[in-house]
Each structure stands twice: as C-alpha cells, then as structure tokens.
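Student: Just so it is clear, I am handing over upload.csv, which has CSV, C-alpha atoms and all ligand atoms.
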chain,number,residue,atom,x,y,z
A,1,MET,CA,11.9,-8.3,32.5
A,2,THR,CA,9.3,-9.2,29.9
A,3,ASP,CA,9.3,-7.8,26.4
A,4,VAL,CA,6.4,-5.4,27.2
A,5,GLU,CA,8.2,-4.3,30.4
A,6,SER,CA,11.4,-3.5,28.5
A,7,LEU,CA,9.4,-1.5,25.9
A,8,TYR,CA,7.6,0.6,28.5
A,9,PRO,CA,9.8,0.4,31.7
A,10,PHE,CA,8.2,3.5,33.2
A,11,LEU,CA,4.9,1.7,33.5
A,12,TYR,CA,6.4,-0.9,35.7
A,13,ALA,CA,8.8,1.2,37.8
A,14,ASP,CA,8.0,1.9,41.5
A,15,LYS,CA,8.8,5.6,41.0
A,16,VAL,CA,8.6,7.5,37.8
A,17,ASP,CA,10.5,10.6,36.8
A,18,LEU,CA,7.7,12.2,34.7
A,19,GLY,CA,10.0,14.8,33.3
A,20,ALA,CA,12.5,12.2,32.1
A,21,VAL,CA,9.7,10.1,30.5
A,22,LEU,CA,8.3,13.1,28.7
A,23,ALA,CA,11.8,14.1,27.5
A,24,GLN,CA,12.3,10.6,26.2
A,25,VAL,CA,9.0,10.5,24.4
A,26,SER,CA,9.6,13.9,22.9
A,27,ALA,CA,13.1,12.9,21.7
A,28,SER,CA,11.8,9.6,20.3
A,29,THR,CA,8.9,11.4,18.4
A,30,ALA,CA,11.3,14.0,17.0
A,31,ALA,CA,13.7,11.2,15.8
A,32,LYS,CA,10.9,9.3,14.1
A,33,ALA,CA,9.6,12.5,12.4
A,34,ARG,CA,13.2,13.1,11.1
A,35,GLU,CA,13.4,9.5,9.9
A,36,ILE,CA,10.1,9.5,8.0
A,37,THR,CA,10.8,12.9,6.4
A,38,GLU,CA,14.2,11.7,5.2
A,39,LEU,CA,12.7,8.4,4.0
A,40,ARG,CA,10.0,10.3,2.0
A,41,ARG,CA,12.8,12.5,0.5
A,42,ARG,CA,14.7,9.4,-0.6
A,43,VAL,CA,11.6,7.8,-2.2
A,44,LEU,CA,10.8,11.0,-4.0
A,45,ALA,CA,14.4,11.3,-5.3
A,46,ALA,CA,14.5,7.7,-6.4
A,47,ASP,CA,11.0,7.3,-7.8
A,48,GLY,CA,9.5,10.8,-8.5
A,49,ASP,CA,9.7,10.4,-12.3
A,50,ARG,CA,8.4,6.8,-12.2
A,51,LEU,CA,5.5,7.8,-10.0
A,52,ALA,CA,4.5,10.4,-12.6
A,53,ARG,CA,4.7,7.9,-15.4
A,54,CYS,CA,2.7,5.3,-13.4
A,55,ALA,CA,0.0,7.9,-12.6
A,56,ALA,CA,-0.2,8.9,-16.3
A,57,GLU,CA,-0.8,5.2,-17.2
A,58,MET,CA,-3.4,4.9,-14.4
A,59,ALA,CA,-5.2,8.0,-15.6
A,60,GLU,CA,-5.3,6.6,-19.2
A,61,ARG,CA,-6.8,3.4,-17.9
A,62,PHE,CA,-9.5,5.3,-15.8
A,63,ALA,CA,-10.2,7.6,-18.8
A,64,ALA,CA,-10.8,4.5,-20.9
A,65,GLY,CA,-13.3,2.9,-18.4
A,66,GLY,CA,-10.8,0.9,-16.4
A,67,ARG,CA,-11.3,0.2,-12.7
A,68,LEU,CA,-8.9,-0.1,-9.8
A,69,LEU,CA,-8.7,-3.3,-7.7
A,70,SER,CA,-6.5,-3.1,-4.6
A,71,PHE,CA,-5.3,-5.7,-2.1
A,72,GLY,CA,-2.9,-6.3,0.8
A,73,ASN,CA,-2.8,-8.1,4.1
A,74,GLY,CA,-3.0,-6.8,7.7
A,75,GLY,CA,-2.0,-3.2,7.9
A,76,SER,CA,-1.6,-3.2,4.1
A,77,ALA,CA,-5.2,-4.3,3.8
A,78,THR,CA,-6.3,-1.1,5.5
A,79,ASP,CA,-4.0,0.8,3.1
A,80,ALA,CA,-5.5,-1.0,0.2
A,81,GLN,CA,-9.0,0.0,1.4
A,82,GLU,CA,-7.8,3.6,1.7
A,83,VAL,CA,-6.5,3.4,-1.9
A,84,ALA,CA,-9.9,2.3,-3.2
A,85,GLY,CA,-11.6,4.9,-0.9
A,86,LEU,CA,-9.5,7.8,-2.3
A,87,PHE,CA,-10.4,7.1,-5.9
A,88,LEU,CA,-14.1,6.4,-5.1
A,89,SER,CA,-14.3,9.9,-3.4
A,90,PRO,CA,-11.9,12.1,-5.3
A,91,GLY,CA,-13.4,15.4,-4.2
A,92,GLY,CA,-12.8,18.6,-6.1
A,93,GLY,CA,-15.8,18.1,-8.3
A,94,LEU,CA,-14.4,15.1,-10.0
A,95,ARG,CA,-16.7,12.1,-10.6
A,96,PRO,CA,-16.1,9.1,-8.4
A,97,LEU,CA,-13.7,6.6,-10.0
A,98,PRO,CA,-14.5,2.9,-10.0
A,99,ALA,CA,-12.4,1.2,-7.3
A,100,PHE,CA,-12.8,-1.8,-5.1
A,101,CYS,CA,-10.6,-3.3,-2.4
A,102,LEU,CA,-10.4,-7.1,-2.6
A,103,THR,CA,-10.5,-7.5,1.2
A,104,ASN,CA,-13.9,-5.8,1.4
A,105,ASP,CA,-16.1,-8.8,0.5
A,106,ILE,CA,-15.6,-10.9,3.7
A,107,ALA,CA,-17.9,-13.7,2.4
A,108,VAL,CA,-15.7,-14.2,-0.6
A,109,VAL,CA,-12.4,-13.8,1.4
A,110,THR,CA,-13.4,-16.4,4.0
A,111,ALA,CA,-14.9,-18.8,1.4
A,112,LEU,CA,-11.8,-18.8,-0.7
A,113,SER,CA,-9.5,-19.1,2.3
A,114,ASN,CA,-11.5,-21.8,3.9
A,115,ASP,CA,-12.2,-23.8,0.8
A,116,ILE,CA,-9.0,-23.4,-1.2
A,117,GLY,CA,-6.3,-21.5,0.7
A,118,PHE,CA,-5.3,-18.0,1.6
A,119,ASP,CA,-2.7,-17.9,-1.1
A,120,VAL,CA,-5.4,-17.7,-3.8
A,121,VAL,CA,-7.6,-15.1,-2.1
A,122,PHE,CA,-6.7,-12.2,-4.3
A,123,ALA,CA,-5.8,-14.1,-7.5
A,124,ARG,CA,-9.2,-15.8,-7.7
A,125,GLN,CA,-11.0,-12.6,-7.2
A,126,LEU,CA,-9.0,-11.0,-9.9
A,127,ALA,CA,-9.8,-13.9,-12.2
A,128,ALA,CA,-13.5,-13.5,-11.5
A,129,LEU,CA,-13.8,-9.7,-11.4
A,130,SER,CA,-11.1,-8.1,-13.5
A,131,ARG,CA,-11.1,-6.9,-17.2
A,132,PRO,CA,-7.9,-6.3,-19.2
A,133,GLY,CA,-8.1,-2.5,-19.0
A,134,ASP,CA,-8.2,-2.5,-15.2
A,135,ILE,CA,-5.5,-1.5,-12.7
A,136,ALA,CA,-4.3,-3.8,-9.9
A,137,VAL,CA,-2.6,-2.1,-6.9
A,138,GLY,CA,-1.0,-4.5,-4.3
A,139,LEU,CA,0.7,-3.3,-1.1
A,140,SER,CA,3.0,-5.3,1.1
A,141,THR,CA,5.7,-4.4,3.6
A,142,SER,CA,7.8,-7.5,3.2
A,143,GLY,CA,7.1,-7.9,-0.5
A,144,ASN,CA,6.9,-11.6,0.2
A,145,SER,CA,3.2,-12.4,0.8
A,146,ALA,CA,2.3,-15.4,-1.4
A,147,ASN,CA,-1.2,-14.2,-2.1
A,148,LEU,CA,0.1,-10.9,-3.5
A,149,LEU,CA,2.7,-12.7,-5.7
A,150,ALA,CA,-0.1,-14.9,-7.1
A,151,ALA,CA,-2.4,-11.9,-7.6
A,152,PHE,CA,0.2,-10.0,-9.6
A,153,ASP,CA,0.9,-13.0,-11.8
A,154,GLU,CA,-2.9,-13.4,-12.4
A,155,ALA,CA,-3.3,-9.7,-13.1
A,156,GLY,CA,-0.3,-9.6,-15.4
A,157,ARG,CA,-1.6,-12.6,-17.4
A,158,ARG,CA,-5.0,-10.8,-17.8
A,159,GLY,CA,-3.5,-7.5,-19.1
A,160,LEU,CA,-4.1,-5.3,-16.1
A,161,LEU,CA,-1.8,-2.5,-15.3
A,162,THR,CA,0.0,-3.7,-12.2
A,163,VAL,CA,1.3,-1.4,-9.4
A,164,GLY,CA,3.2,-2.8,-6.5
A,165,ILE,CA,4.1,-0.9,-3.3
A,166,ALA,CA,6.6,-2.8,-1.1
A,167,GLY,CA,9.1,-2.1,1.7
A,168,TYR,CA,12.6,-3.2,2.8
A,169,ASP,CA,14.3,-4.3,-0.5
A,170,GLY,CA,11.1,-5.2,-2.3
A,171,GLY,CA,11.3,-8.8,-1.3
A,172,ARG,CA,10.0,-11.4,-3.8
A,173,MET,CA,7.8,-8.7,-5.5
A,174,ALA,CA,11.1,-7.2,-6.8
A,175,GLU,CA,11.7,-10.5,-8.6
A,176,LEU,CA,8.4,-10.6,-10.4
A,177,ASP,CA,8.0,-9.8,-14.1
A,178,SER,CA,4.3,-9.3,-13.7
A,179,ILE,CA,4.6,-5.9,-11.8
A,180,ASP,CA,4.7,-2.9,-14.3
A,181,HIS,CA,5.5,-0.3,-11.6
A,182,LEU,CA,7.1,-1.3,-8.3
A,183,PHE,CA,7.7,1.3,-5.7
A,184,THR,CA,9.9,0.2,-2.8
A,185,VAL,CA,10.3,2.1,0.4
A,186,PRO,CA,13.9,1.2,1.6
A,187,SER,CA,13.6,1.0,5.3
A,188,ALA,CA,14.0,-1.8,7.8
A,189,SER,CA,11.3,-0.3,10.1
A,190,VAL,CA,7.8,-1.6,9.3
A,191,HIS,CA,6.3,1.5,10.8
A,192,ARG,CA,8.3,3.9,8.6
A,193,VAL,CA,7.6,1.6,5.6
A,194,GLN,CA,3.9,1.9,6.1
A,195,GLU,CA,4.0,5.6,6.7
A,196,ALA,CA,6.0,6.3,3.5
A,197,GLN,CA,3.8,3.9,1.5
A,198,THR,CA,0.8,6.0,2.5
A,199,THR,CA,2.6,9.0,0.9
A,200,VAL,CA,3.4,6.9,-2.2
A,201,TYR,CA,-0.2,6.1,-2.9
A,202,HIS,CA,-1.5,9.6,-2.0
A,203,VAL,CA,1.0,11.0,-4.5
A,204,LEU,CA,-0.2,8.6,-7.2
A,205,TRP,CA,-3.8,9.5,-6.3
A,206,GLU,CA,-3.1,13.3,-6.6
A,207,LEU,CA,-1.2,12.9,-9.9
A,208,VAL,CA,-4.0,10.7,-11.4
A,209,LEU,CA,-6.6,13.3,-10.4
A,210,ASP,CA,-4.5,16.1,-11.9
A,211,ARG,CA,-4.3,14.2,-15.2
A,212,LEU,CA,-8.0,13.5,-15.2
A,213,ARG,CA,-8.8,17.1,-14.4
A,214,GLY,CA,-6.7,18.2,-17.4
A,215,ASP,CA,-8.6,15.8,-19.6
A,216,ASP,CA,-11.9,17.3,-18.4
A,217,GLN,CA,-10.9,20.8,-19.4
B,301,LIG,O1,0.3,-3.9,10.2
B,301,LIG,C1,1.1,-4.8,10.5
B,301,LIG,C2,2.5,-4.4,10.9
B,301,LIG,O2,2.5,-3.0,11.1
B,301,LIG,C3,0.8,-6.2,10.3
B,301,LIG,O3,-0.6,-6.3,10.5
B,301,LIG,C4,1.1,-6.7,8.9
B,301,LIG,O4,0.5,-5.9,8.0
B,301,LIG,C5,0.7,-8.2,8.8
B,301,LIG,O5,1.6,-8.9,9.6
B,301,LIG,C6,0.8,-8.7,7.3
B,301,LIG,O6,0.3,-10.0,7.2
B,301,LIG,C7,2.2,-8.6,6.7
B,301,LIG,O7,2.2,-8.8,5.3
B,301,LIG,P1,3.1,-8.1,4.3
B,301,LIG,O8,3.0,-6.6,4.6
B,301,LIG,O9,4.5,-8.5,4.6
B,301,LIG,O10,2.6,-8.4,2.9
Show this structure as structure tokens.
Ligand SMILES: O=C(CO)[C@@H](O)[C@H](O)[C@H](O)[C@H](O)COP(=O)(O)O

Tutor:
Amino acid sequence: MTDVESLYPFLYADKVDLGAVLAQVSASTAAKAREITELRRRVLAADGDRLARCAAEMAERFAAGGRLLSFGNGGSATDAQEVAGLFLSPGGGLRPLPAFCLTNDIAVVTALSNDIGFDVVFARQLAALSRPGDIAVGLSTSGNSANLLAAFDEAGRRGLLTVGIAGYDGGRMAELDSIDHLFTVPSASVHRVQEAQTTVYHVLWELVLDRLRGDDQ
C-alpha cells in the first residue's frame, strides 16, 4: 500500500461502506475541532497577557508612524500576507495602517534568492526598507527557518519591534535575543499549529485596533 492509499483507503477499496466512511470523517473532524479549541485555550492561558502587551507596543509604533513588515515561508508566507492585509484594511472606519509582506515583491524575492541565497531574502529587504520605528512580524511553524532567523537579527539590530510566531517548542527562534515578543503554539501537528497561529495574529490585530480606536477618541 502506498502512502496515499494508506491515508485514503476508501478511495482504493473495491467496495466502500459509505456510512462507515462518513462516520470516520465525522469523528476525525470532531476530534480535530476539539484539539484546536483546546490548543487555543492553552495559548490564551499561557500568552494572553503577553499578547496584550505586544499589541500595546505595536499600537504605539503605528501611532508614531511605524509600519509593519511581515514574512514567512510556504504556508507561513500566506499567513504573513494575511497579517499585512488585515492591517491594510482594518475596517470599522479606521484608516488603513501601513503594512507590507516581504514575499509580495516576487522580483526582489527571486533576485535575492538567485543572486545571493534564500537565507538573506527577508534580512536584505529589511535592511533596504525598514526604519527603526517599524514592526517586524515573522511566522514559522518549526521556528527554524534560516531566513527568518537572519531577518529577526537584522530587524533587532535596526531597532524594529520584533514579533515572532512559532510552533512546536519555538525551535531556534526561541533561542534568539532579537525577538521582543515570541508566541509559540505548543503542538506537534503542523495543521493545528497553523490554525492556532491564525488566531494569535487575529488577536494581535484586534487588540491593536482597539488601542488605536481608543487613541482616536
Ligand atoms: O504549509 C506548509 C505546511 O502546512 C508548508 O508549505 C510549510 O509552510 C513549508 O514547508 C515551509 O517552508 C516551512 O517553514 P517553517 O514554517 O518551518 O518556517
């Protein structure tokens, strides 16, 4: 049996008991929903206060003219794009906040990767684009991606507020001095990690907007 066959045996069986397959899918969906709900509770219990402090510092930076620069690889690149998109379109009558995802400029991403190496792809962009009052937000599931580690060190050297969102045990991101606020989702499932990370940055986004709304009144 191949890996794919063992993952989806009902697709390859001669006869399928549809009721049994549906029961299996339903039980698996319910188990995953319980798992992610519990994981989100754990993250909130461990990091709720730190999330609020981080959001307060992010709001201060935005209020002072700072911009947000986000980055990540693979699935975390799509999350980094979502982070920038959320702040760019805050809704609720708030002005768009300046935010840019470092994977967006494909010409720069491919040139840096091709000419120098993928490890510098975010650090070099931060060196070119960032100002000391800005905010760097990097997402990784493993916490080990070399281009993120280099980016946090570059951002830290330049005086940016640095926010890391990692999974598992935080990986090498947990060893860095250059991350001001690190939020780690303690799960061994990459799927659950990415789901809970989505909640982490949505919470940050909502708390920052609350702060900025308060400043506007
Ligand atoms: O989305 C997934 C897994 O769900 C993959 O695309 C994953 O993001 C990529 O393998 C990344 O390169 C992994 O990097 P990282 O999250 O460990 O920093």

Student: For region 53-60 of chain A, work out the shell of residues within 8 Å, counting all atoms listed in the file and skipping chain neighbours fewer than 4 positions away, then give it as a VMD selection string.

Tutor: chain A and resid 49 64 135 161 163 181 204 to 205 207 to 209 211 to 212

Student: Which distance in Å separates atom O5 of ligand LIG 301 (chain B) and CA of Leu182 (chain A), to one decimal?

Tutor: 20.2 Å

Student: Quick check, in Å to one decimal: how far apart do CA of Leu68 (chain A) and CA of Pro98 (chain A) lie?

Tutor: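 Pair CA of Leu68 (chain A) / CA of Pro98 (chain A) returns 6.4 Å.
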
Student: Pick out the residues no farther than 8 Å from ligand LIG 301 (chain B), counting only C-alpha atoms and all ligand atoms, and list them as a list in words.

Tutor: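 Answer in the requested format: Gly72, Asn73, Gly74, Gly75, Ser76, Ala77, Leu139, Ser140, Thr141, Ser142, Gly143, Asn144, Ser145, Leu148, Ala166, Val190, His191 and Gln194 of chain A.
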
Student: So what do you get for CA of Thr110 (chain A) versus CA of Phe152 (chain A), distance-wise?

Tutor: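 Taking CA of Thr110 (chain A) as the start and CA of Phe152 (chain A) as the end point, the length is 20.3 Å.
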
Student: Within 12 Å of Asn147 (chain A), counting only C-alpha atoms, which residues show up once you throw out same-chain ones fewer than 5 positions away? Write them as an MDAnalysis selection string, please.

Tutor: chainID A and resid 71:73 102:103 109 112:113 117:126 138:140 152:154 172:173

Student: My list of candidates is A:Glu206, A:Arg157, A:Arg131, A:Asn104. Which is closest to Gly91 (chain A) when distances are computed with only C-alpha atoms?

Tutor: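 Closest candidate: A:Glu206.
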
Student: Of the candidates A:Asp210, A:Ile165, A:Ala20, A:Ser178, which one gets nearest to Val43 (chain A) if we count all atoms listed in the file?

Tutor: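 Closest to Val43 (chain A), using all atoms listed in the file: A:Ile165.
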
Student: List the spatial neighbours of Leu86 (chain A) as number ranges by chain - criterion: any atom at most 9 Å away, all atoms listed in the file, same-chain residues fewer than 4 positions off excluded.

Tutor: A: 81-82, 90-91, 97, 99, 202, 205

Student: Given the choices A:Ala23, A:Leu11, A:Leu149, A:Leu88, which gets closest to Thr162 (chain A) if the distance is worked out from only C-alpha atoms?

Tutor: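 Ranking A:Ala23, A:Leu11, A:Leu149, A:Leu88 by distance to Thr162 (chain A), first place goes to A:Leu149.
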